[in-house]
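Chemist: TSV, C-alpha atoms and all ligand atoms, file entry17.tsv:
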```tsv
chain	number	residue	atom	x	y	z
O	1	MET	CA	32.12	16.85	-22.78
O	2	LYS	CA	28.82	15.37	-21.68
O	3	THR	CA	28.95	12.26	-19.48
O	4	SER	CA	26.71	9.32	-20.27
O	5	ASP	CA	24.65	10.18	-17.12
O	6	SER	CA	23.98	13.72	-18.29
O	7	ILE	CA	23.09	12.47	-21.81
O	8	GLN	CA	20.62	10.01	-20.24
O	9	GLN	CA	19.15	12.82	-18.14
O	10	THR	CA	18.75	15.08	-21.18
O	11	LEU	CA	16.99	12.30	-23.10
O	12	ALA	CA	14.68	11.59	-20.15
O	13	GLU	CA	13.79	15.31	-19.91
O	14	LYS	CA	13.05	15.45	-23.64
O	15	ARG	CA	10.74	12.43	-23.32
O	16	GLN	CA	9.05	14.02	-20.29
O	17	ALA	CA	8.59	17.31	-22.16
O	18	ARG	CA	7.07	15.60	-25.22
O	19	ALA	CA	4.69	13.63	-22.96
O	20	LEU	CA	3.71	16.90	-21.27
O	21	VAL	CA	2.91	18.46	-24.67
O	22	ARG	CA	0.42	15.65	-25.32
O	23	LEU	CA	-1.14	15.90	-21.85
O	24	VAL	CA	-1.58	19.69	-21.98
O	25	ARG	CA	-3.15	19.41	-25.47
O	26	ASP	CA	-5.59	16.75	-24.20
O	27	LEU	CA	-6.53	18.86	-21.17
O	28	ALA	CA	-6.99	21.96	-23.32
O	29	ARG	CA	-9.29	20.00	-25.65
O	30	SER	CA	-11.33	18.75	-22.66
O	31	THR	CA	-11.75	22.22	-21.11
O	32	PRO	CA	-15.34	23.45	-21.42
O	33	THR	CA	-15.92	26.67	-23.36
O	34	GLN	CA	-18.48	27.88	-20.83
O	35	PRO	CA	-16.96	29.86	-17.87
O	36	GLN	CA	-17.67	28.32	-14.45
O	37	LYS	CA	-18.82	30.04	-11.25
O	38	HIS	CA	-15.88	31.25	-9.08
O	39	GLU	CA	-13.41	30.45	-11.87
O	40	LEU	CA	-9.86	31.79	-11.41
O	41	HIS	CA	-8.71	33.54	-14.56
O	42	GLY	CA	-5.46	32.00	-15.81
O	43	GLN	CA	-5.16	29.24	-13.18
O	44	PRO	CA	-4.22	26.17	-15.26
O	45	PHE	CA	-7.30	24.01	-15.89
O	46	ASP	CA	-9.33	25.57	-13.09
O	47	ARG	CA	-12.42	25.66	-15.34
O	48	LEU	CA	-12.02	21.98	-16.20
O	49	LEU	CA	-11.68	21.04	-12.52
O	50	LEU	CA	-14.66	23.17	-11.46
O	51	LYS	CA	-16.79	21.46	-14.08
O	52	ALA	CA	-15.51	17.91	-13.44
O	53	SER	CA	-15.41	17.67	-9.64
O	54	PRO	CA	-18.04	18.59	-7.01
O	55	LEU	CA	-15.26	18.29	-4.40
O	56	TYR	CA	-13.16	20.91	-6.20
O	57	ARG	CA	-16.20	23.23	-6.37
O	58	ARG	CA	-16.95	22.64	-2.69
O	59	SER	CA	-13.41	23.59	-1.68
O	60	ARG	CA	-13.68	26.86	-3.64
O	61	GLU	CA	-17.02	27.70	-2.03
O	62	LEU	CA	-15.82	26.90	1.50
O	63	PHE	CA	-12.68	28.97	0.99
O	64	ILE	CA	-14.65	31.99	-0.23
O	65	ALA	CA	-17.16	31.55	2.62
O	66	CYS	CA	-14.37	31.79	5.21
O	67	GLY	CA	-13.17	35.11	3.74
O	68	GLY	CA	-10.37	33.82	1.53
O	69	THR	CA	-9.23	35.63	-1.61
O	70	HIS	CA	-7.06	34.66	-4.60
O	71	MET	CA	-4.40	37.02	-5.89
O	72	PRO	CA	-2.81	36.54	-9.32
O	73	SER	CA	0.96	37.01	-9.08
O	74	LEU	CA	4.15	35.26	-10.09
O	75	HIS	CA	4.48	32.58	-7.45
O	76	SER	CA	6.65	29.47	-7.82
O	77	SER	CA	5.72	26.24	-6.05
O	78	PRO	CA	9.09	26.07	-4.16
O	79	ARG	CA	8.51	29.63	-2.83
O	80	SER	CA	5.00	28.66	-1.82
O	81	LEU	CA	6.34	25.64	0.10
O	82	ALA	CA	9.01	27.67	1.88
O	83	SER	CA	6.87	30.64	2.94
O	84	LEU	CA	4.52	31.36	5.85
O	85	SER	CA	1.70	32.14	3.42
O	86	LEU	CA	-0.18	29.10	4.76
O	87	VAL	CA	-1.61	31.15	7.61
O	88	SER	CA	-2.69	34.05	5.41
O	89	ARG	CA	-6.25	34.26	4.10
O	90	ASP	CA	-4.93	35.24	0.65
O	91	ILE	CA	-3.65	32.74	-1.88
O	92	GLU	CA	-1.23	33.88	-4.56
O	93	TYR	CA	-1.35	31.91	-7.80
O	94	SER	CA	0.42	32.21	-11.15
O	95	PRO	CA	-2.09	32.82	-13.99
O	96	ILE	CA	-0.09	30.95	-16.65
O	97	GLU	CA	-2.72	28.77	-18.32
O	98	ALA	CA	-2.60	30.59	-21.66
O	99	GLU	CA	1.22	30.35	-21.74
O	100	LEU	CA	1.13	26.61	-20.95
O	101	ILE	CA	-1.44	25.89	-23.64
O	102	TRP	CA	0.31	28.04	-26.26
O	103	THR	CA	3.64	26.30	-25.58
O	104	ALA	CA	1.99	22.90	-26.05
O	105	THR	CA	-0.12	23.76	-29.08
O	106	ASP	CA	1.92	26.20	-31.17
O	107	PRO	CA	3.31	24.06	-34.03
O	108	ILE	CA	6.82	25.59	-33.91
O	109	GLU	CA	7.19	26.11	-30.15
O	110	SER	CA	5.91	22.66	-29.22
O	111	ARG	CA	8.34	21.03	-31.65
O	112	THR	CA	11.45	23.10	-30.98
O	113	ARG	CA	11.20	23.99	-27.28
O	114	PRO	CA	8.81	21.57	-25.55
O	115	ASP	CA	11.15	21.57	-22.52
O	116	ARG	CA	9.80	25.04	-21.62
O	117	LEU	CA	6.79	23.18	-20.25
O	118	LEU	CA	9.01	21.57	-17.60
O	119	ASP	CA	9.94	25.06	-16.35
O	120	LEU	CA	6.43	26.44	-16.68
O	121	ARG	CA	4.89	23.76	-14.49
O	122	THR	CA	7.08	24.81	-11.55
O	123	TRP	CA	4.98	28.02	-11.52
O	124	VAL	CA	1.65	26.20	-11.23
O	125	THR	CA	-0.02	26.72	-7.85
O	126	GLY	CA	-1.96	23.88	-6.23
O	127	VAL	CA	-4.87	26.16	-5.27
O	128	PHE	CA	-7.07	23.27	-4.08
O	129	HIS	CA	-4.40	22.23	-1.55
O	130	GLU	CA	-3.81	25.81	-0.44
O	131	GLN	CA	-7.53	26.56	-0.05
O	132	ASN	CA	-8.05	23.47	2.10
O	133	HIS	CA	-5.34	24.53	4.55
O	134	ARG	CA	-7.24	27.77	5.16
O	135	VAL	CA	-10.63	26.04	5.41
O	136	LEU	CA	-9.30	23.54	7.94
O	137	TRP	CA	-7.88	26.23	10.22
O	138	ASN	CA	-11.56	27.09	10.83
O	139	LEU	CA	-12.62	23.50	11.35
O	140	LEU	CA	-9.86	22.11	13.58
O	141	PRO	CA	-9.63	22.82	17.31
O	142	PRO	CA	-7.07	25.50	18.17
O	143	PRO	CA	-3.48	24.22	18.34
O	144	ARG	CA	-1.89	23.52	21.69
O	145	ARG	CA	0.98	25.77	22.59
O	146	GLY	CA	4.50	24.37	22.75
O	147	GLY	CA	6.88	22.58	20.43
O	148	GLU	CA	5.69	18.98	20.24
O	149	ALA	CA	1.96	19.57	20.42
O	150	LEU	CA	2.14	22.35	17.84
O	151	ARG	CA	4.27	20.21	15.54
O	152	ARG	CA	1.70	17.38	15.74
O	153	HIS	CA	-1.14	19.81	15.06
O	154	LEU	CA	0.57	21.15	11.92
O	155	HIS	CA	1.49	17.64	10.75
O	156	PHE	CA	-2.06	16.46	11.23
O	157	ALA	CA	-3.44	19.46	9.33
O	158	GLU	CA	-1.05	18.64	6.46
O	159	SER	CA	-2.19	14.98	6.54
O	160	LEU	CA	-5.84	16.03	6.23
O	161	VAL	CA	-5.06	18.30	3.29
O	162	VAL	CA	-3.09	15.49	1.60
O	163	MET	CA	-6.10	13.20	2.21
O	164	LEU	CA	-8.30	15.72	0.38
O	165	ASP	CA	-5.76	15.84	-2.49
O	166	MET	CA	-6.26	12.08	-2.83
O	167	ALA	CA	-10.05	12.38	-2.60
O	168	LEU	CA	-9.97	14.98	-5.40
O	169	ALA	CA	-7.88	12.74	-7.67
O	170	ASP	CA	-10.24	9.84	-6.95
O	171	SER	CA	-13.23	11.99	-7.91
O	172	LEU	CA	-11.86	12.62	-11.42
O	173	PRO	CA	-11.75	10.41	-14.51
O	174	ARG	CA	-8.35	8.64	-14.48
O	175	ALA	CA	-7.15	10.33	-17.69
O	176	PHE	CA	-7.70	13.76	-16.09
O	177	SER	CA	-6.19	13.00	-12.68
O	178	GLU	CA	-2.88	11.72	-14.08
O	179	ALA	CA	-2.57	14.59	-16.58
O	180	LEU	CA	-3.51	17.30	-14.06
O	181	TYR	CA	-0.99	15.83	-11.62
O	182	GLN	CA	1.76	15.93	-14.26
O	183	VAL	CA	0.93	19.57	-15.01
O	184	GLY	CA	0.94	20.48	-11.29
O	185	SER	CA	-2.69	21.61	-10.93
O	186	ILE	CA	-3.39	18.81	-8.43
O	187	TYR	CA	-1.05	17.00	-6.05
O	188	ASP	CA	-2.14	13.35	-6.36
O	189	PRO	CA	-2.36	11.27	-9.56
O	190	GLY	CA	-5.18	9.00	-8.35
O	191	ALA	CA	-5.13	5.32	-7.43
O	192	PRO	CA	-5.81	2.82	-10.26
O	193	TRP	CA	-6.38	0.02	-7.72
O	194	LEU	CA	-9.56	1.82	-6.60
O	195	ASP	CA	-11.08	0.68	-9.91
O	196	ASP	CA	-11.56	-2.73	-8.22
O	197	LEU	CA	-13.80	-1.01	-5.67
O	198	ARG	CA	-15.71	0.90	-8.36
O	199	LYS	CA	-16.33	-2.28	-10.36
O	200	SER	CA	-17.13	-4.43	-7.31
O	201	GLY	CA	-20.90	-4.03	-7.65
O	202	LEU	CA	-21.17	-3.08	-3.96
O	203	PRO	CA	-24.04	-0.75	-2.98
O	204	ALA	CA	-22.91	2.88	-3.41
O	205	ARG	CA	-23.00	3.66	0.33
O	206	ARG	CA	-20.90	0.60	1.22
O	207	ALA	CA	-18.35	1.40	-1.53
O	208	GLN	CA	-18.16	5.00	-0.29
O	209	ARG	CA	-17.57	3.78	3.28
O	210	TYR	CA	-14.66	1.59	2.13
O	211	HIS	CA	-13.27	4.49	0.12
O	212	TRP	CA	-13.44	6.82	3.12
O	213	ASN	CA	-11.75	4.15	5.29
O	214	ALA	CA	-8.94	4.00	2.72
O	215	LEU	CA	-8.63	7.80	2.71
O	216	GLN	CA	-8.55	7.90	6.52
O	217	ALA	CA	-5.91	5.17	6.57
O	218	ALA	CA	-3.86	7.21	4.09
O	219	CYS	CA	-4.31	10.29	6.31
O	220	GLU	CA	-3.01	8.39	9.33
O	221	ALA	CA	-0.08	6.99	7.34
O	222	THR	CA	0.82	10.51	6.15
O	223	PHE	CA	0.74	11.74	9.75
O	224	LEU	CA	3.07	8.95	10.94
O	225	ASN	CA	5.32	9.61	7.94
O	226	LEU	CA	5.59	13.33	8.76
O	227	GLU	CA	6.22	12.41	12.40
O	228	LEU	CA	9.23	10.49	11.05
O	229	PHE	CA	8.12	6.97	11.99
O	230	ASP	CA	10.10	4.33	10.09
O	231	PRO	CA	8.39	4.21	6.64
O	232	ALA	CA	8.97	0.45	6.40
O	233	GLN	CA	6.88	-0.07	9.55
O	234	ILE	CA	4.02	2.29	8.69
O	235	PRO	CA	1.85	-0.10	6.58
O	236	GLY	CA	1.99	-2.56	9.50
O	237	HIS	CA	0.92	0.12	12.02
O	238	ILE	CA	-1.95	1.15	9.75
O	239	THR	CA	-3.17	-2.42	9.20
O	240	ASN	CA	-3.26	-2.87	12.98
O	241	MET	CA	-5.24	0.35	13.51
O	242	PHE	CA	-7.84	-0.38	10.81
O	243	PRO	CA	-9.36	-3.84	11.40
O	244	ALA	CA	-10.12	-6.24	8.52
O	245	GLU	CA	-13.78	-5.22	8.28
O	246	CYS	CA	-12.69	-1.71	7.20
O	247	ALA	CA	-11.95	-3.08	3.71
O	248	PRO	CA	-13.67	-5.44	1.30
O	249	PRO	CA	-12.25	-8.99	1.25
O	250	THR	CA	-9.39	-9.45	-1.23
O	251	ALA	CA	-8.15	-12.53	-3.07
O	252	ARG	CA	-5.55	-14.54	-1.18
O	253	GLY	CA	-2.09	-12.98	-1.38
O	254	ARG	CA	-3.35	-9.59	-2.62
O	255	PRO	CA	-2.89	-6.54	-0.35
O	256	SER	CA	-6.02	-5.13	1.26
O	257	LEU	CA	-7.42	-1.71	0.45
O	258	ILE	CA	-6.00	-0.43	3.75
O	259	THR	CA	-2.46	-1.64	3.03
O	260	ARG	CA	-2.60	-0.08	-0.43
O	261	ALA	CA	-3.86	3.17	1.07
O	262	ALA	CA	-0.89	3.23	3.46
O	263	ARG	CA	1.53	2.62	0.58
O	264	ARG	CA	-0.16	5.38	-1.41
O	265	ALA	CA	0.52	7.82	1.43
O	266	LEU	CA	4.18	6.82	1.53
O	267	ARG	CA	4.72	8.17	-1.99
O	268	LEU	CA	4.97	11.64	-0.45
O	269	ASP	CA	8.27	13.13	-1.58
O	270	ARG	CA	11.04	11.99	0.84
O	271	LEU	CA	12.89	15.30	0.46
O	272	PHE	CA	9.74	17.10	1.64
O	273	VAL	CA	9.31	14.75	4.64
O	274	GLU	CA	12.93	14.79	5.78
O	275	GLN	CA	14.11	18.28	4.85
O	276	THR	CA	11.61	20.83	3.51
O	277	ASN	CA	8.96	20.18	6.17
O	278	PRO	CA	11.26	20.06	9.27
O	279	GLU	CA	13.06	23.16	7.96
O	280	TRP	CA	9.71	24.99	7.53
O	281	LEU	CA	8.74	24.06	11.10
O	282	ARG	CA	12.06	25.31	12.49
O	283	LYS	CA	11.73	28.57	10.62
O	284	HIS	CA	8.00	29.31	10.88
O	285	GLY	CA	6.47	26.91	13.45
O	286	THR	CA	6.16	29.32	16.40
O	287	LYS	CA	4.86	32.21	14.27
O	288	ALA	CA	2.39	29.85	12.56
O	289	GLY	CA	1.05	28.66	15.94
O	290	LYS	CA	0.42	32.26	17.10
O	291	ALA	CA	-1.19	33.18	13.77
O	292	LEU	CA	-3.49	30.15	13.96
O	293	LEU	CA	-4.73	31.15	17.40
O	294	LYS	CA	-5.62	34.58	15.99
O	295	LEU	CA	-7.40	33.00	13.00
O	296	GLN	CA	-9.90	31.07	15.13
O	297	PRO	CA	-13.49	31.93	14.17
O	298	PRO	CA	-15.55	34.07	16.58
O	299	GLY	CA	-17.30	32.10	19.31
O	300	ARG	CA	-14.74	29.27	19.32
O	301	ALA	CA	-13.42	28.41	22.80
O	302	LYS	CA	-9.73	29.24	22.97
O	303	THR	CA	-9.03	26.04	24.93
O	304	PRO	CA	-7.70	23.24	22.75
O	305	ASP	CA	-9.82	20.21	23.53
O	306	LEU	CA	-8.31	17.28	21.65
O	307	ASP	CA	-5.00	15.56	22.14
O	308	LEU	CA	-3.58	14.67	18.76
O	309	GLY	CA	-0.91	12.51	20.48
O	310	ARG	CA	1.84	10.96	18.41
O	311	ASP	CA	0.60	7.39	18.08
O	312	LEU	CA	-2.26	5.23	19.34
O	313	ASP	CA	-3.09	7.66	22.17
O	314	GLY	CA	-4.20	10.24	19.65
O	315	PHE	CA	-5.43	7.93	16.92
O	316	ALA	CA	-9.12	8.05	17.98
O	317	SER	CA	-9.08	11.88	17.97
O	318	ARG	CA	-7.38	12.01	14.58
O	319	ASN	CA	-9.75	9.46	13.07
O	320	LEU	CA	-12.75	11.38	14.39
O	321	LEU	CA	-11.47	14.57	12.79
O	322	SER	CA	-10.66	12.97	9.43
O	323	GLU	CA	-14.22	11.57	9.34
O	324	ARG	CA	-15.57	15.03	10.12
O	325	VAL	CA	-13.52	16.61	7.35
O	326	LEU	CA	-14.72	14.06	4.76
O	327	SER	CA	-18.34	14.65	5.82
O	328	TYR	CA	-17.86	18.41	5.64
O	329	TYR	CA	-16.46	18.26	2.11
O	330	CYS	CA	-18.28	15.32	0.56
O	331	THR	CA	-21.87	15.33	1.82
Q	401	ZN	ZN	0.24	21.63	2.67
```
Take the structure in this file and express it as structure tokens.
Modeler:
Amino acid sequence: MKTSDSIQQTLAEKRQARALVRLVRDLARSTPTQPQKHELHGQPFDRLLLKASPLYRRSRELFIACGGTHMPSLHSSPRSLASLSLVSRDIEYSPIEAELIWTATDPIESRTRPDRLLDLRTWVTGVFHEQNHRVLWNLLPPPRRGGEALRRHLHFAESLVVMLDMALADSLPRAFSEALYQVGSIYDPGAPWLDDLRKSGLPARRAQRYHWNALQAACEATFLNLELFDPAQIPGHITNMFPAECAPPTARGRPSLITRAARRALRLDRLFVEQTNPEWLRKHGTKAGKALLKLQPPGRAKTPDLDLGRDLDGFASRNLLSERVLSYYCT
């Protein structure tokens, strides 16, 4: 006999599945008919993203320029998270776009088995996120050897990639970012509170500066989160590191852009922070460090030159690098 909890869960899944049907239909309708340069055949909504976002296009171009390749295969997102594929130049992705769209648009399938979409989306690969890891291995200084320093290096790299996930979502129309997040093509749903900044009437350069400050604050908050600082304390640490002039003035009692950015970063899945990520480091950390040293581009000095220290000691270095990454991708 079904308990009331399991009945509630089944109903919630049915609602989720029906919502997903609508989102996939909307995305399919918005997808351009014209193929895009460097498009990945079968990657869900790759064409739409290439058309809609210069940042998404830039990531693809940078990845190809550093020798990366995409390989269609059956690759679940949990397997991707658990593997050492991060230090390989090749990215495996599941070409399931046609299956997703058919499931959402076929009149019988979408009515009788919409829950198949919940399974299908676990096969969607976040290629933007994966590409950026590979691009950043070329951009960051080589990792220091040894447990703590290597752990900080890998955590900081993850924080930068998460920052770019946010920047991508912010570069898209809101209706797209939320839907693409629900489908699994991108890893951040966007931040509605940034609309205040868009509508503020500030000169474009000033608004972009505030936006970058917010992204850098989110990057720092992600780093502290992965380093297992107390999540309740992180917004306070971030507000202290980014002075008031980093954000536009807000009405009395409303949180500043920087505080909201820190809270945005703290939405990162707790299971990932506390279990999946530490487990990955235990299993693959040493091998990943060695592989990263081998991946350094020719001509790069093998001596690591920046201390990414755990807190304020390393903050200046981390902030410098997050600025450099945003410039590299966005200008
Ligand atoms: Zn990652």
Chemist: Rounded to one decimal, what separation in Å do you get between CA of Leu11 in chain O and CA of Ser110 in chain O?
Modeler: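 Going from CA of Leu11 in chain O over to CA of Ser110 in chain O, I get 16.4 Å.
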Chemist: Which residue is closest to Ala261 in chain O? Choose from O:Ile238, O:Val161, O:Ala214, O:Leu40 and count only C-alpha atoms.
Modeler: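 Closest candidate: O:Ala214.
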Chemist: Dump the neighbourhood of ligand ZN 401 (chain Q) as an NGL selection string: all residues within 7 Å, distances computed on all atoms listed in the file.
Modeler: :O and (129-130 or 133 or 158 or 161)
Chemist: Ranking O:Asp46, O:Glu178, O:Asp188, O:Glu323 by minimum distance to Asp269 in chain O and counting all atoms listed in the file, which one comes first?
Modeler: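 The shortest atom-to-atom distance to Asp269 in chain O comes from O:Asp188.
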Chemist: Which residues come within 9 Å of Arg151 in chain O, counting only C-alpha atoms, excluding same-chain residues fewer than 5 positions away, as an mmCIF file with C-alpha atoms, keeping the file's coordinate frame?
Modeler:
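Okay, around03.cif is ready:
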```
data_model
loop_
_atom_site.group_PDB
_atom_site.id
_atom_site.type_symbol
_atom_site.label_atom_id
_atom_site.label_comp_id
_atom_site.auth_asym_id
_atom_site.auth_seq_id
_atom_site.Cartn_x
_atom_site.Cartn_y
_atom_site.Cartn_z
ATOM 1 C CA GLY O 146 4.500 24.370 22.750
ATOM 2 C CA PHE O 156 -2.060 16.460 11.230
ATOM 3 C CA GLU O 227 6.220 12.410 12.400
ATOM 4 C CA LEU O 281 8.740 24.060 11.100
ATOM 5 C CA GLY O 285 6.470 26.910 13.450
#
```
Chemist: Can you tell me, as a PyMOL selection string, what residues are no more than 10 Å from Leu172 in chain O when counting all atoms listed in the file, ignoring any on the same chain fewer than 5 positions away?
Modeler: chain O and resi 49+52-56+167+177-178+180+189-190
Chemist: Which of these residues is nearest to Leu81 in chain O, using all atoms listed in the file: O:Thr103, O:Thr122, O:Thr250, O:Thr31?
Modeler: O:Thr122
Chemist: Need to verify the contact set: Ser83 in chain O, 12 Å, all atoms listed in the file, exclusion of same-chain residues closer than 5 positions in sequence. Can you return it as a list of chain:residue names?
Modeler: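 Contacts, in chain order: O:His75, O:Ser76, O:Ser77, O:Pro78, O:Ser88, O:Ile91, O:Glu92, O:Thr276, O:Asn277, O:Glu279, O:Trp280, O:Leu281, O:Lys283, O:His284, O:Gly285, O:Lys287, O:Ala288.
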Chemist: May I ask for the distance between CA of Ser185 in chain O and CA of Val124 in chain O, given in Å to one decimal place?
Modeler: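 According to the coordinates, CA of Ser185 in chain O and CA of Val124 in chain O are separated by 6.3 Å.
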Chemist: Pick out the residues sitting within 10 Å of Arg111 in chain O, and hand them over as a compact mmCIF listing (two decimals) with C-alpha atoms, in the coordinates of the input; count only C-alpha atoms, and ignore anything fewer than 6 positions along from it in its own chain.
Modeler:
```txt
# COMPACT_ATOMS: atom_id res chain seq x y z
CA ARG O 18 7.07 15.60 -25.22
CA VAL O 21 2.91 18.46 -24.67
CA THR O 103 3.64 26.30 -25.58
CA ALA O 104 1.99 22.90 -26.05
CA THR O 105 -0.12 23.76 -29.08
```
